[in-house]
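> Pasting in a structure now, in structure tokens, and then I'll have a few things to ask.
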Amino acid sequence: MNAGKSALVDVAKLEKMLLAKQVGQFLCGDHNAEERTTVEAAARKLAEDVCRYVRETLAFELRKCDDLAPDLAEKIARDIEPVSSPFLEETNAFSTATLIRLIPQLKEYARAAIARRTDLSDDVQEALIKSSSEQGVTSLVRNDRIEMPEKNCSILVRRFQDNVRVMDQFSARNDLPLIIIEKIVNKVSTHCRNMLVETYSIQNVVADELAENTQFEAMWQKVAGATASQIHGYVTDLRDERRLNHPLTIKVANRGCLTFLESALALEAGLPTGRVKEMLSLEDQAAFVRLMQMANVDKKFAPQYLKIAKANYLPEGKKAA
């Protein structure tokens with residue numbers, strides 16, 4: 001008895017799938033308005049069928065229909081992935097304006113399907129970048145059949161610069177503007193960075209410099225406006241990670257953060273920051289020399305520390321003199 005019911009269900013499903021195929025094919029053809037209206041009504045019912053295979057069949061056929069009722073097209077676009085994705089990758093039922101309106105409202109798999117299209121305008125790309133998460137954006141950057149304008153590349157980098165997986169996929173494109181390469185060269189994995197250098201013929205020295213400059217700016221954001229104790233803790237972490245050095249300390253000091261310099265010299269020399277400030281005041285020249293020795297300052301960097309001390313730590317009277 002159960003087997004008989006199952007067979008009947010299967011037959012009913014197959015008949016509906018066949019009907020969905022016929023309806024889809026009809027709507028792809030050239031027919032008068034009255035006939036189309038009647039068949040579209042049947043298509044709307046099929047688009048709501050409980051059986052996903054019926055809806056899949058209908059959507060697959062309708063992906064080639066250029067004159068599709070907007071409500072029916074949107075119904076399919078909002079369906080589950082097996083129904084909507086093949087449809088969204090090919091349909092011409094949506095105008096650019098409609099796509100831009102729909103993109104924020106769709107599921108991520110639907111955005112990923114749109115991102116795989118070959119006819120993405122700059123505005124649709126921008127809508128995808130602004131609304132998508134990793135899945136959708138990865139589909140977009142891996143689509144080598146489209147060109148991405150610099151504006152959209154910049155928006156993408158701003159949104160996903162901390163996502164190494166997205167940045168790696170993005171870096172694999174061969175049409176990136178140099179200004180974008182400069183922005184992402186230190187945001188990708190080592191392997192992808194090497195590929196960028198090779199693909200875009202960037203000298204390693206230039207790539208290293210770009211990465212260093214961007215890393216410095218990121219570091220500067222951490223110390224700018226931080227309290228003395230926060231800066232001291234950050235400098236301590238840098239030293240523990242073997243990333244603290246005299247060129248960096250001088251660069252930060254010249255940028256305007258003397259607290260960083262005081263903490264760095266104090267840690268290297270094993271002195272309190274208060275004592276370091278006294279020695280930097282140059283009231284006792286021998287004390288300054290001793291500070292440089294205790295902090296293991298190389299002779300080529302000592303003059304730069306002296307220049308900073310004269311500009312920032314000398315008493316006002318002595319500066320004038």
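Identifiers in this document derive from the order of the structure tokens: chains are assigned A, B, ..., residues are numbered from 1 separately in each chain, and ligands are numbered from 1 in order of occurrence.
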Could you pull out the alpha helix (DSSP H) residues of range 37-112 of chain A from DSSP and send them as a VMD selection string?
chain A and resid 37 to 46 52 to 62 70 to 77 81 to 90 96 to 102 108 to 112
> Which residues, written as a list in words, have at least one atom at most 12 Å from Leu19 in chain A, with only C-alpha atoms counted and residues fewer than 6 positions away on the same chain left out?
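These residues fall inside the cut-off: Ala12, Lys13, Gln25, Phe26, Val39, Ala42, Ala43, Lys45, Leu46, Ala47, Asp49, Tyr53, Val54, Arg55, Thr57, Leu58 and Glu61 of chain A.
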> Which residues are near Ile103 in chain A? Cut-off 7 Å, only C-alpha atoms, ignore same chain within fewer than 6 positions. Put them as a list of chain:residue names.
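In the requested format, the answer is A:Arg111, A:Ala127, A:Leu128.
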> Any idea what's packed within 8 Å of range 261-275 of chain A, counting only C-alpha atoms, ignoring anything in its chain fewer than 3 positions away? Could you give it as a ChimeraX atom specification?
/A:231-232,235-236,244,249-250,252-253,257-258,278-279,291,294-296
> Filtering to N, CA and C atoms, could you give me those residues as an mmCIF file, in the first residue's frame?

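Once written, again_8.cif looks like this:
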data_model
loop_
_atom_site.group_PDB
_atom_site.id
_atom_site.type_symbol
_atom_site.label_atom_id
_atom_site.label_comp_id
_atom_site.auth_asym_id
_atom_site.auth_seq_id
_atom_site.Cartn_x
_atom_site.Cartn_y
_atom_site.Cartn_z
ATOM 1 N N ILE A 231 51.144 53.065 25.392
ATOM 2 C CA ILE A 231 52.282 53.068 24.473
ATOM 3 C C ILE A 231 53.412 52.201 25.024
ATOM 4 N N HIS A 232 53.654 52.315 26.329
ATOM 5 C CA HIS A 232 54.725 51.515 26.930
ATOM 6 C C HIS A 232 54.415 50.016 26.788
ATOM 7 N N VAL A 235 55.071 49.075 23.125
ATOM 8 C CA VAL A 235 56.510 49.006 22.853
ATOM 9 C C VAL A 235 57.102 47.734 23.465
ATOM 10 N N THR A 236 56.630 47.391 24.651
ATOM 11 C CA THR A 236 57.096 46.156 25.295
ATOM 12 C C THR A 236 56.757 44.938 24.439
ATOM 13 N N LEU A 244 61.072 45.635 17.623
ATOM 14 C CA LEU A 244 61.473 46.978 18.028
ATOM 15 C C LEU A 244 62.903 47.215 17.585
ATOM 16 N N THR A 249 62.011 53.419 16.029
ATOM 17 C CA THR A 249 61.862 54.354 17.142
ATOM 18 C C THR A 249 62.079 55.793 16.678
ATOM 19 N N ILE A 250 63.090 56.005 15.878
ATOM 20 C CA ILE A 250 63.388 57.351 15.347
ATOM 21 C C ILE A 250 62.256 57.841 14.453
ATOM 22 N N VAL A 252 59.062 56.984 14.520
ATOM 23 C CA VAL A 252 57.880 57.320 15.325
ATOM 24 C C VAL A 252 58.095 58.642 16.067
ATOM 25 N N ALA A 253 59.302 58.840 16.602
ATOM 26 C CA ALA A 253 59.608 60.086 17.319
ATOM 27 C C ALA A 253 59.511 61.285 16.385
ATOM 28 N N CYS A 257 55.613 61.230 18.273
ATOM 29 C CA CYS A 257 55.313 60.480 19.499
ATOM 30 C C CYS A 257 56.602 60.243 20.286
ATOM 31 N N LEU A 258 56.939 61.193 21.163
ATOM 32 C CA LEU A 258 58.157 61.087 21.973
ATOM 33 C C LEU A 258 58.013 60.031 23.071
ATOM 34 N N GLU A 278 65.571 62.638 31.580
ATOM 35 C CA GLU A 278 66.652 63.474 32.123
ATOM 36 C C GLU A 278 67.886 63.402 31.243
ATOM 37 N N MET A 279 68.243 62.219 30.804
ATOM 38 C CA MET A 279 69.444 62.022 29.991
ATOM 39 C C MET A 279 69.278 62.631 28.594
ATOM 40 N N LEU A 291 73.578 56.855 27.794
ATOM 41 C CA LEU A 291 72.265 56.326 27.400
ATOM 42 C C LEU A 291 72.361 55.610 26.054
ATOM 43 N N MET A 294 74.116 52.297 26.634
ATOM 44 C CA MET A 294 73.299 51.325 27.354
ATOM 45 C C MET A 294 72.153 50.773 26.496
ATOM 46 N N ALA A 295 71.663 51.605 25.570
ATOM 47 C CA ALA A 295 70.567 51.184 24.691
ATOM 48 C C ALA A 295 71.071 50.534 23.408
ATOM 49 N N ASN A 296 72.419 50.333 23.349
ATOM 50 C CA ASN A 296 73.030 49.682 22.176
ATOM 51 C C ASN A 296 72.695 50.395 20.868
#
> Neighbouring residues of Leu62 in chain A were defined as those with any atom within 9 Å, considering only C-alpha atoms; residues of the same chain fewer than 2 positions away were excluded. Please report them as a ChimeraX atom specification.
/A:21,23-25,27-28,57-60,64-66,68,73,87,91
> Between A:Ile80, A:Val223, A:Leu280, A:Ile129, which one has atoms that come closest to Ala302 in chain A, using only C-alpha atoms?
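For Ala302 in chain A, the nearest of the candidates is A:Leu280.
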> Using only C-alpha atoms, which residue out of A:Ala224, A:Cys153, A:Leu238, A:Ala113 lies closest to Pro82 in chain A?
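Nearest candidate to Pro82 in chain A out of A:Ala224, A:Cys153, A:Leu238, A:Ala113: A:Ala113.
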